[in-house]
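Visitor: Just input_38.cif, nothing more (mmCIF, C-alpha atoms):
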```
data_upload
#
loop_
_atom_site.label_atom_id
_atom_site.label_comp_id
_atom_site.auth_asym_id
_atom_site.auth_seq_id
_atom_site.Cartn_x
_atom_site.Cartn_y
_atom_site.Cartn_z
CA MET A 1 -79.19 -216.35 117.83
CA GLN A 2 -80.61 -217.88 114.65
CA GLN A 3 -78.37 -220.50 113.08
CA VAL A 4 -77.32 -219.91 109.47
CA ASN A 5 -78.46 -222.60 107.05
CA LYS A 6 -75.16 -223.40 105.34
CA ASP A 7 -76.81 -225.30 102.51
CA SER A 8 -79.06 -222.35 101.65
CA VAL A 9 -76.07 -220.00 101.60
CA ALA A 10 -74.18 -222.45 99.39
CA ILE A 11 -77.12 -222.68 96.97
CA GLN A 12 -77.39 -218.89 96.81
CA PHE A 13 -73.71 -218.57 95.90
CA ALA A 14 -74.13 -221.28 93.23
CA CYS A 15 -77.15 -219.46 91.76
CA ILE A 16 -75.23 -216.17 91.68
CA ALA A 17 -72.41 -217.92 89.82
CA MET A 18 -74.81 -219.43 87.27
CA ALA A 19 -76.45 -216.04 86.67
CA ILE A 20 -73.07 -214.38 86.13
CA ILE A 21 -71.84 -217.07 83.75
CA THR A 22 -74.97 -217.10 81.60
CA LEU A 23 -75.87 -213.41 81.63
CA ILE A 24 -72.53 -211.59 81.34
CA PRO A 25 -71.33 -211.81 77.73
CA PHE A 26 -67.79 -211.03 76.65
CA GLY A 27 -66.09 -211.31 73.28
CA ARG A 28 -63.69 -214.02 72.24
CA GLY A 29 -60.30 -213.75 73.93
CA ASN A 30 -61.46 -211.50 76.77
CA ILE A 31 -62.35 -212.35 80.34
CA SER A 32 -65.63 -214.24 80.52
CA GLY A 33 -68.42 -214.61 83.02
CA LEU A 34 -66.77 -217.88 84.05
CA GLU A 35 -63.81 -216.09 85.66
CA ILE A 36 -66.16 -213.75 87.54
CA GLY A 37 -68.45 -216.58 88.63
CA PHE A 38 -65.62 -218.93 89.71
CA PRO A 39 -65.13 -217.41 93.22
CA PHE A 40 -68.85 -217.69 93.92
CA MET A 41 -68.81 -221.36 92.92
CA MET A 42 -65.89 -222.01 95.25
CA LEU A 43 -67.72 -220.24 98.08
CA SER A 44 -70.67 -222.53 97.37
CA VAL A 45 -68.40 -225.57 97.67
CA LEU A 46 -66.98 -224.24 100.95
CA PHE A 47 -70.41 -223.86 102.56
CA PHE A 48 -71.50 -227.31 101.36
CA LEU A 49 -68.33 -228.73 102.95
CA LEU A 50 -69.31 -227.22 106.29
CA THR A 51 -72.30 -229.58 106.45
CA LYS A 52 -71.42 -233.18 107.28
CA ARG A 53 -73.15 -235.88 105.27
CA LYS A 54 -72.75 -239.55 104.50
CA LYS A 55 -70.23 -240.48 101.83
CA ASN A 56 -71.52 -241.36 98.39
CA LYS A 57 -69.68 -244.00 96.36
CA GLN A 58 -70.85 -242.64 93.01
CA SER A 59 -69.52 -239.20 93.94
CA ILE A 60 -66.08 -240.65 94.58
CA PHE A 61 -65.99 -242.16 91.09
CA ILE A 62 -67.14 -238.89 89.50
CA ILE A 63 -64.41 -236.75 91.01
CA THR A 64 -61.73 -239.46 90.61
CA PHE A 65 -62.30 -239.86 86.86
CA LEU A 66 -62.44 -236.08 86.42
CA LEU A 67 -59.10 -235.60 88.17
CA PHE A 68 -57.48 -238.43 86.18
CA TRP A 69 -58.79 -236.91 82.95
CA ALA A 70 -57.52 -233.43 83.90
CA ALA A 71 -54.09 -234.85 84.75
CA TRP A 72 -53.97 -236.72 81.43
CA VAL A 73 -54.89 -233.57 79.50
CA LEU A 74 -52.04 -231.69 81.22
CA VAL A 75 -49.57 -234.46 80.37
CA GLY A 76 -50.73 -234.37 76.75
CA ILE A 77 -50.23 -230.61 76.42
CA THR A 78 -46.78 -230.86 78.00
CA TYR A 79 -45.81 -233.71 75.66
CA SER A 80 -46.93 -231.65 72.66
CA TYR A 81 -44.97 -228.66 73.95
CA LEU A 82 -41.76 -230.69 74.37
CA TYR A 83 -41.87 -232.68 71.13
CA TYR A 84 -43.69 -230.31 68.76
CA PRO A 85 -42.38 -226.82 69.66
CA GLY A 86 -43.49 -223.99 67.42
CA ASN A 87 -46.23 -226.03 65.71
CA ALA A 88 -48.96 -224.44 67.82
CA ASP A 89 -49.58 -221.90 70.54
CA HIS A 90 -49.01 -224.05 73.62
CA ILE A 91 -49.38 -221.07 75.95
CA SER A 92 -53.01 -220.74 74.88
CA ALA A 93 -53.42 -224.51 75.35
CA TYR A 94 -52.28 -224.22 78.98
CA LEU A 95 -54.61 -221.25 79.51
CA ARG A 96 -57.49 -223.27 78.07
CA PHE A 97 -56.56 -226.09 80.44
CA PHE A 98 -56.97 -223.76 83.43
CA ARG A 99 -60.28 -222.57 82.02
CA MET A 100 -61.27 -226.23 81.75
CA LEU A 101 -60.58 -226.63 85.47
CA GLU A 102 -62.71 -223.55 86.16
CA MET A 103 -65.53 -225.10 84.13
CA TYR A 104 -65.50 -228.55 85.69
CA LEU A 105 -63.95 -228.64 89.15
CA PRO A 106 -66.31 -226.32 91.10
CA GLY A 107 -69.39 -227.79 89.43
CA VAL A 108 -68.34 -231.35 90.21
CA LEU A 109 -67.51 -230.43 93.80
CA ILE A 110 -70.95 -228.80 94.19
CA LEU A 111 -72.55 -231.94 92.78
CA VAL A 112 -70.50 -234.22 95.03
CA PHE A 113 -70.88 -232.32 98.30
CA SER A 114 -74.41 -230.91 97.98
CA ARG A 115 -76.09 -234.34 97.69
CA GLY A 116 -79.51 -232.86 97.06
CA MET A 117 -81.63 -230.27 98.84
CA ASN A 118 -84.83 -229.97 100.81
CA GLU A 119 -88.24 -229.13 99.31
CA LYS A 120 -88.07 -225.40 100.03
CA GLN A 121 -84.59 -225.04 98.54
CA HIS A 122 -85.64 -227.12 95.55
CA ASN A 123 -88.61 -224.84 94.82
CA ARG A 124 -86.46 -221.72 95.08
CA ILE A 125 -83.99 -223.12 92.57
CA ALA A 126 -86.86 -223.99 90.23
CA ILE A 127 -88.02 -220.36 90.30
CA PHE A 128 -84.41 -219.29 89.68
CA VAL A 129 -84.22 -221.55 86.61
CA PHE A 130 -87.51 -220.16 85.21
CA THR A 131 -86.24 -216.61 85.69
CA LEU A 132 -82.81 -217.33 84.24
CA PHE A 133 -84.31 -218.94 81.13
CA PHE A 134 -86.49 -215.87 80.59
CA LEU A 135 -83.59 -213.43 81.10
CA VAL A 136 -81.25 -215.31 78.77
CA THR A 137 -83.97 -215.36 76.11
CA LEU A 138 -84.68 -211.67 76.63
CA GLU A 139 -81.00 -210.75 76.34
CA SER A 140 -80.61 -212.82 73.20
CA THR A 141 -83.75 -211.35 71.64
CA ILE A 142 -82.74 -207.76 72.40
CA GLY A 143 -79.30 -208.42 70.90
CA PHE A 144 -80.94 -209.83 67.83
CA PHE A 145 -83.36 -206.95 67.21
CA LEU A 146 -80.82 -204.22 67.97
CA GLN A 147 -78.83 -205.47 65.01
CA SER A 148 -81.71 -206.74 62.86
CA THR A 149 -81.29 -204.07 60.17
CA ALA A 150 -77.72 -205.19 59.57
CA LEU A 151 -78.49 -208.92 59.43
CA THR A 152 -78.84 -211.26 56.52
CA ALA A 153 -79.61 -214.97 56.58
CA THR A 154 -75.97 -215.97 56.26
CA GLN A 155 -73.75 -217.94 58.57
CA MET A 156 -72.20 -215.32 60.86
CA TYR A 157 -73.89 -212.55 62.84
CA LYS A 158 -72.18 -210.26 65.35
CA TYR A 159 -73.76 -208.24 68.13
CA PRO A 160 -71.50 -205.52 69.61
CA GLY A 161 -72.33 -204.67 73.20
CA MET A 162 -74.42 -207.81 73.76
CA GLY A 163 -71.68 -210.38 73.42
CA TYR A 164 -71.74 -212.14 70.08
CA VAL A 165 -72.63 -215.49 68.64
CA TYR A 166 -72.73 -216.93 65.15
CA ARG A 167 -76.24 -216.77 63.71
CA ALA A 168 -77.81 -215.42 66.93
CA GLY A 169 -77.48 -212.75 69.61
CA GLY A 170 -76.96 -213.77 73.22
CA VAL A 171 -74.50 -214.78 75.86
CA ALA A 172 -72.39 -217.45 74.16
CA LYS A 173 -69.60 -217.24 71.59
CA ASP A 174 -71.39 -219.29 68.98
CA SER A 175 -74.78 -220.78 68.30
CA SER A 176 -73.66 -224.28 69.29
CA ALA A 177 -72.63 -223.20 72.79
CA TYR A 178 -75.73 -221.03 73.09
CA SER A 179 -78.09 -223.77 71.93
CA ASN A 180 -76.43 -226.20 74.35
CA LEU A 181 -77.18 -223.80 77.19
CA ILE A 182 -80.78 -223.45 75.96
CA LEU A 183 -81.19 -227.23 75.93
CA LEU A 184 -80.19 -227.39 79.61
CA LEU A 185 -82.21 -224.34 80.66
CA ALA A 186 -85.37 -225.33 78.80
CA ILE A 187 -85.52 -228.99 79.78
CA THR A 188 -84.56 -228.27 83.40
CA ALA A 189 -87.30 -225.64 83.57
CA PHE A 190 -89.92 -228.02 82.18
CA ILE A 191 -88.83 -230.80 84.56
CA GLU A 192 -89.04 -228.51 87.59
CA LEU A 193 -92.42 -227.14 86.45
CA LYS A 194 -93.78 -230.68 86.22
CA ARG A 195 -92.48 -231.47 89.71
CA MET A 196 -93.95 -228.31 91.27
CA GLY A 197 -97.35 -228.70 89.65
CA LYS A 198 -98.42 -227.52 86.23
CA SER A 199 -99.09 -223.86 85.59
CA PRO A 200 -100.47 -223.15 82.08
CA ILE A 201 -99.10 -219.61 82.13
CA ILE A 202 -95.57 -220.66 83.08
CA PHE A 203 -95.69 -223.57 80.62
CA LEU A 204 -96.74 -221.23 77.80
CA GLY A 205 -93.97 -218.80 78.75
CA LEU A 206 -91.33 -221.54 78.77
CA MET A 207 -92.54 -222.91 75.44
CA THR A 208 -92.44 -219.42 73.92
CA CYS A 209 -88.88 -218.92 75.14
CA LEU A 210 -87.86 -222.28 73.69
CA LEU A 211 -89.34 -221.54 70.26
CA ILE A 212 -87.71 -218.10 70.22
CA ASN A 213 -84.32 -219.64 70.96
CA ILE A 214 -84.71 -222.33 68.33
CA TYR A 215 -85.47 -219.57 65.85
CA LEU A 216 -82.52 -217.42 66.93
CA SER A 217 -79.87 -220.10 67.22
CA MET A 218 -80.79 -222.04 64.05
CA SER A 219 -79.09 -224.97 65.79
CA ARG A 220 -79.42 -228.48 64.41
CA SER A 221 -77.80 -229.96 67.51
CA LEU A 222 -80.51 -228.38 69.69
CA MET A 223 -83.27 -229.92 67.58
CA VAL A 224 -81.65 -233.36 67.65
CA ALA A 225 -80.99 -233.18 71.40
CA MET A 226 -84.61 -232.17 72.09
CA LEU A 227 -85.83 -235.10 70.02
CA VAL A 228 -83.49 -237.49 71.85
CA TYR A 229 -84.73 -236.16 75.18
CA PHE A 230 -88.40 -236.74 74.32
CA ILE A 231 -87.74 -240.23 72.95
CA THR A 232 -85.67 -241.19 76.00
CA ASN A 233 -88.27 -239.73 78.31
CA LEU A 234 -90.99 -241.71 76.55
CA ILE A 235 -88.99 -244.89 77.01
CA LEU A 236 -88.45 -244.19 80.70
CA GLU A 237 -92.00 -243.10 81.49
CA ARG A 238 -93.72 -245.27 78.86
CA LYS A 239 -96.29 -242.58 78.24
CA ILE A 240 -96.85 -239.04 77.05
CA LYS A 241 -99.95 -236.94 77.61
CA PRO A 242 -101.84 -236.08 74.39
CA GLY A 243 -102.34 -232.46 75.44
CA THR A 244 -98.60 -231.83 75.75
CA LEU A 245 -97.90 -233.50 72.43
CA PHE A 246 -100.65 -231.48 70.74
CA ILE A 247 -99.25 -228.17 72.04
CA ILE A 248 -95.76 -229.03 70.83
CA ILE A 249 -96.96 -230.08 67.37
CA ALA A 250 -99.24 -227.04 67.09
CA GLY A 251 -96.38 -224.73 68.00
CA ILE A 252 -94.06 -226.25 65.39
CA VAL A 253 -96.72 -226.21 62.67
CA SER A 254 -97.63 -222.60 63.45
CA LEU A 255 -93.98 -221.58 63.26
CA LEU A 256 -93.64 -223.27 59.86
CA ILE A 257 -96.81 -221.66 58.49
CA VAL A 258 -95.95 -218.16 59.69
CA GLY A 259 -92.33 -218.33 58.62
CA MET A 260 -92.69 -220.22 55.34
CA ASN A 261 -91.48 -217.21 53.36
CA ASN A 262 -89.10 -215.94 56.03
CA GLU A 263 -85.44 -215.93 55.00
CA TYR A 264 -84.25 -216.88 58.49
CA LEU A 265 -86.49 -219.95 58.56
CA THR A 266 -85.40 -220.80 55.05
CA SER A 267 -81.79 -220.53 56.18
CA PHE A 268 -82.62 -222.68 59.20
CA TRP A 269 -84.01 -225.40 56.96
CA ALA A 270 -80.92 -225.17 54.76
CA ARG A 271 -78.78 -225.73 57.86
CA ILE A 272 -80.80 -228.82 58.80
CA SER A 273 -80.58 -230.26 55.30
CA GLY A 274 -77.00 -229.07 54.72
CA ALA A 275 -77.93 -227.52 51.40
CA ASN A 276 -75.73 -224.84 49.79
CA GLN A 277 -73.47 -224.40 52.82
CA GLU A 278 -69.89 -223.27 52.52
CA ASP A 279 -69.10 -222.22 56.08
CA ILE A 280 -66.93 -223.87 58.73
CA SER A 281 -69.79 -226.01 59.99
CA SER A 282 -70.46 -227.66 56.65
CA GLY A 283 -68.79 -230.83 55.42
CA ARG A 284 -68.80 -232.41 58.87
CA PHE A 285 -68.71 -235.98 57.59
CA THR A 286 -65.59 -235.22 55.56
CA THR A 287 -63.98 -233.54 58.57
CA TRP A 288 -64.83 -236.47 60.82
CA ALA A 289 -63.28 -238.91 58.35
CA LEU A 290 -60.07 -236.84 58.34
CA LEU A 291 -60.02 -236.68 62.14
CA LEU A 292 -60.35 -240.45 62.43
CA GLY A 293 -57.14 -240.74 60.44
CA LEU A 294 -55.42 -238.17 62.65
CA VAL A 295 -56.11 -240.14 65.82
CA GLY A 296 -53.26 -242.41 64.74
CA ASP A 297 -50.74 -239.54 64.91
CA ASN A 298 -50.59 -239.87 68.68
CA PRO A 299 -53.25 -242.33 69.90
CA LEU A 300 -51.95 -242.33 73.48
CA LEU A 301 -51.64 -238.64 74.46
CA GLY A 302 -53.18 -236.85 71.50
CA VAL A 303 -51.95 -233.67 69.84
CA GLY A 304 -52.77 -231.44 72.82
CA TYR A 305 -55.95 -230.06 74.36
CA ARG A 306 -57.77 -227.65 72.01
CA LEU A 307 -54.92 -227.78 69.47
CA SER A 308 -56.55 -229.74 66.64
CA THR A 309 -57.71 -226.57 64.88
CA GLU A 310 -54.33 -224.84 65.18
CA LYS A 311 -52.35 -227.88 64.02
CA TYR A 312 -54.63 -229.23 61.32
CA GLY A 313 -56.99 -226.36 60.50
CA LEU A 314 -59.99 -228.58 61.28
CA ILE A 315 -62.93 -227.86 63.55
CA PRO A 316 -64.03 -231.25 64.98
CA ASP A 317 -67.68 -230.40 65.81
CA ASN A 318 -67.75 -233.75 67.59
CA MET A 319 -66.85 -234.22 71.24
CA PHE A 320 -65.78 -237.84 70.86
CA LEU A 321 -63.48 -237.22 67.89
CA SER A 322 -62.17 -234.00 69.42
CA LEU A 323 -61.16 -235.77 72.63
CA SER A 324 -59.67 -238.69 70.70
CA VAL A 325 -57.48 -236.43 68.56
CA GLU A 326 -56.54 -233.93 71.28
CA THR A 327 -56.24 -236.11 74.41
CA GLY A 328 -55.72 -239.55 72.90
CA VAL A 329 -57.80 -242.69 73.28
CA ILE A 330 -57.03 -242.84 77.01
CA GLY A 331 -58.18 -239.26 77.46
CA LEU A 332 -61.44 -240.12 75.68
CA LEU A 333 -61.98 -243.20 77.86
CA LEU A 334 -61.31 -241.23 81.04
CA TYR A 335 -63.80 -238.54 80.04
CA LEU A 336 -66.41 -241.13 79.08
CA SER A 337 -65.83 -242.85 82.43
CA PHE A 338 -66.49 -239.51 84.11
CA LEU A 339 -69.73 -239.14 82.15
CA MET A 340 -70.73 -242.73 82.85
CA SER A 341 -70.22 -242.34 86.59
CA LEU A 342 -72.22 -239.12 86.41
CA CYS A 343 -75.03 -240.94 84.56
CA VAL A 344 -75.11 -243.66 87.24
CA SER A 345 -75.31 -241.04 89.99
CA VAL A 346 -78.09 -239.14 88.19
CA TYR A 347 -80.06 -242.34 87.57
CA LYS A 348 -79.93 -243.25 91.25
CA ASN A 349 -80.45 -239.82 92.79
CA ASN A 350 -81.96 -237.53 90.15
CA ARG A 351 -83.85 -239.81 87.77
CA ASP A 352 -86.06 -237.03 86.41
CA LYS A 353 -82.98 -235.62 84.67
CA PHE A 354 -81.62 -238.92 83.33
CA ALA A 355 -83.20 -238.32 79.90
CA LEU A 356 -81.62 -234.86 79.88
CA ILE A 357 -78.12 -236.15 80.52
CA ILE A 358 -78.58 -238.71 77.73
CA ALA A 359 -79.69 -235.96 75.31
CA TYR A 360 -76.78 -233.79 76.43
CA VAL A 361 -74.23 -236.53 75.76
CA VAL A 362 -75.78 -237.44 72.39
CA SER A 363 -75.55 -233.78 71.32
CA GLY A 364 -71.78 -234.24 71.64
CA VAL A 365 -71.90 -236.16 68.36
CA PHE A 366 -72.56 -232.88 66.55
CA ILE A 367 -70.74 -230.33 68.75
CA ASP A 368 -67.88 -230.38 71.24
CA ILE A 369 -69.94 -229.93 74.41
CA SER A 370 -66.92 -230.59 76.64
CA THR A 371 -65.45 -227.14 75.89
CA PHE A 372 -68.45 -224.82 76.34
CA TRP A 373 -67.69 -222.67 79.39
CA VAL A 374 -71.15 -221.11 79.22
CA SER A 375 -73.00 -224.44 79.53
CA VAL A 376 -70.74 -226.98 81.32
CA PRO A 377 -71.07 -225.31 84.78
CA PHE A 378 -74.84 -225.08 84.37
CA PHE A 379 -74.98 -228.72 83.25
CA LEU A 380 -73.26 -229.84 86.45
CA PHE A 381 -75.43 -227.49 88.52
CA THR A 382 -78.55 -228.95 86.90
CA MET A 383 -77.50 -232.49 87.80
CA ALA A 384 -77.17 -231.36 91.43
CA ILE A 385 -80.81 -230.17 91.59
CA TYR A 386 -82.75 -232.98 93.26
CA LYS A 387 -84.59 -233.65 96.49
CA ARG A 388 -82.42 -235.01 99.27
CA GLU A 389 -83.55 -238.24 100.89
CA PRO A 390 -83.83 -238.10 104.70
CA GLU A 391 -80.75 -239.44 106.44
CA ASN A 392 -81.28 -242.14 109.03
#
```
What is this file in structure tokens?
Guide:
Amino acid sequence: MQQVNKDSVAIQFACIAMAIITLIPFGRGNISGLEIGFPFMMLSVLFFLLTKRKKNKQSIFIITFLLFWAAWVLVGITYSYLYYPGNADHISAYLRFFRMLEMYLPGVLILVFSRGMNEKQHNRIAIFVFTLFFLVTLESTIGFFLQSTALTATQMYKYPGMGYVYRAGGVAKDSSAYSNLILLLAITAFIELKRMGKSPIIFLGLMTCLLINIYLSMSRSLMVAMLVYFITNLILERKIKPGTLFIIIAGIVSLLIVGMNNEYLTSFWARISGANQEDISSGRFTTWALLLGLVGDNPLLGVGYRLSTEKYGLIPDNMFLSLSVETGVIGLLLYLSFLMSLCVSVYKNNRDKFALIIAYVVSGVFIDISTFWVSVPFFLFTMAIYKREPEN
């Protein structure tokens, strides 16, 4: 009787979960793809646990800091509930806490217990990432064109039946979450393509998908994160091939020439420059200055996870300030310790994606990446994609 490869089964369950989370859109307040994908992620963890491997010290730090941070967040919400009753909807805060566990815990466990994969499994996941990037782009594009007659180059677009985002159609609730997912999908796809051997057709397809998503999301954080990735990658590799650079520059220039009189591109440039904006994402520097002052309200425990908007009417748009205000300085330090331990693990085991994790963290300066249920699980899954070293 042929023995079942437990790792392959675990990887398949993880891929199913990622597909569900990124491709099944639901509106705000309803059940999301995360809840549907959660059981598949836990099944993936179970099958990885069935395979015995050597312990990894970095993995212990990752899961320890995550659990400490989760416990601290729960204490902060409870403190807010006991001492500030009626000031905010604490029931929703507890529900968001459980969603946070759904976002982080399975992904971290997969990262901790998978400890890499063999060449064949690695190649299959690479093909999965290429396909997923294409499907997400296709879904977003269809959602965009189905509603194109009703759109104007303003700050909020809605797409009934395709999920909805602000300024773009697709799988996420807003363009920031969507663009964060695109950052992970695009860069992971390019990294895996480079590892497998270059294919001009696949490269052109991936580049086309990336440019389409930049156009649809109009996301400044995506542009900054991409730039940070390329700079970091240049520093790590100390080189960049002229052909790749030429293709990227040619693509950007072509987009500018073609869309010079296009109202969406004009709106995109206005978002980058911050000109004539009166929506919730404008005035970020003023908001950040206010949030810095609010950290002093409760520097130890914070005002409660995801409660800064309800209590103060402010949208942080900054992961570091959001965590400082909502979970206190200790909560911020615990989360940063989790990220730092993850960076160390990636640098030692998955160095090709070290520049990606740096870009991902830096993007947190402009958006609260810690709360995006559509991208956090895929981020952790991406960090788990690397070739396993033979065990002695």
Visitor: Within 9 Å of range 318-331 of chain A, counting only C-alpha atoms, which residues qualify if same-chain residues fewer than 6 places away don't, as a ChimeraX atom specification?
Guide: /A:68-70,72-73,76-77,284,288,291-292,294-308,361,363-371
Visitor: I'd like the contact shell of Val45 in chain A - 9 Å cut-off, all atoms listed in the file, skipping same-chain residues fewer than 6 positions apart - returned as a list of chain:residue names.
Guide: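 After dropping sequence-adjacent residues, the list is A:Ala10, A:Phe13, A:Ala14, A:Pro106, A:Gly107, A:Leu109, A:Ile110, A:Phe113, A:Ser114.
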Visitor: Would you work out the distance separating CA of Leu193 in chain A from CA of Cys209 in chain A, expressed in Å to one decimal?
Guide: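 Between CA of Leu193 in chain A and CA of Cys209 in chain A the gap works out to 14.4 Å.
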Visitor: Would you be able to write out as a PDB file with C-alpha atoms, in the coordinates of the input which residues have an atom within 10 Å of (-81.9, -212.9, 76.0) in the file's coordinates, counting all atoms listed in the file?
Guide:
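result_24.pdb written:
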```
ATOM      1  CA  THR A  22     -74.970-217.100  81.600  1.00  0.00           C
ATOM      2  CA  LEU A  23     -75.870-213.410  81.630  1.00  0.00           C
ATOM      3  CA  LEU A 132     -82.810-217.330  84.240  1.00  0.00           C
ATOM      4  CA  PHE A 133     -84.310-218.940  81.130  1.00  0.00           C
ATOM      5  CA  PHE A 134     -86.490-215.870  80.590  1.00  0.00           C
ATOM      6  CA  LEU A 135     -83.590-213.430  81.100  1.00  0.00           C
ATOM      7  CA  VAL A 136     -81.250-215.310  78.770  1.00  0.00           C
ATOM      8  CA  THR A 137     -83.970-215.360  76.110  1.00  0.00           C
ATOM      9  CA  LEU A 138     -84.680-211.670  76.630  1.00  0.00           C
ATOM     10  CA  GLU A 139     -81.000-210.750  76.340  1.00  0.00           C
ATOM     11  CA  SER A 140     -80.610-212.820  73.200  1.00  0.00           C
ATOM     12  CA  THR A 141     -83.750-211.350  71.640  1.00  0.00           C
ATOM     13  CA  ILE A 142     -82.740-207.760  72.400  1.00  0.00           C
ATOM     14  CA  GLY A 143     -79.300-208.420  70.900  1.00  0.00           C
ATOM     15  CA  PHE A 144     -80.940-209.830  67.830  1.00  0.00           C
ATOM     16  CA  MET A 162     -74.420-207.810  73.760  1.00  0.00           C
ATOM     17  CA  GLY A 169     -77.480-212.750  69.610  1.00  0.00           C
ATOM     18  CA  GLY A 170     -76.960-213.770  73.220  1.00  0.00           C
ATOM     19  CA  VAL A 171     -74.500-214.780  75.860  1.00  0.00           C
ATOM     20  CA  CYS A 209     -88.880-218.920  75.140  1.00  0.00           C
ATOM     21  CA  ILE A 212     -87.710-218.100  70.220  1.00  0.00           C
ATOM     22  CA  ASN A 213     -84.320-219.640  70.960  1.00  0.00           C
TER      23      ASN A 213
END
```
Visitor: Measure the distance from CA of Tyr215 in chain A to CA of Phe354 in chain A in Å and round it to one decimal.
Guide: 26.4 Å
Visitor: CA of Asn233 in chain A and CA of Ala355 in chain A are how many Å apart?
Guide: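 Taking CA of Asn233 in chain A as the start and CA of Ala355 in chain A as the end point, the length is 5.5 Å.
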Visitor: Which one of A:Ala177, A:Leu236, A:Leu211, A:Leu206 sits closest to Tyr347 in chain A if you count only C-alpha atoms?
Guide: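 Among A:Ala177, A:Leu236, A:Leu211, A:Leu206, it is A:Leu236 that comes nearest to Tyr347 in chain A.
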Visitor: Choose the residue, out of A:Phe40, A:Tyr360, A:Tyr94, A:Phe145, that has the smallest atom-to-atom separation from Thr382 in chain A; count all atoms listed in the file.
Guide: A:Tyr360
Visitor: Residues at most 6 Å from range 33-35 of chain A, counting all atoms listed in the file, excluding those fewer than 4 positions away in the same chain, as a list in words?
Guide: Ile20, Ile21 and Ile24 of chain A
Visitor: Using all atoms listed in the file, which residues sit within 8 Å of Asp7 in chain A once same-chain residues fewer than 4 positions away are excluded, as a list of chain:residue names?
Guide: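 What passes the distance filter is A:Ile11, A:Phe47, A:Phe48, A:Thr51, A:Ser114, A:Met117.
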Visitor: Which residues, protein or nucleic acid, reach to within 8 Å of (-76.0, -223.5, 84.3) in the file's coordinates when using all atoms listed in the file, and can you give that as a PyMOL selection string?
Guide: chain A and resi 18-19+21-22+181+184-185+374-382
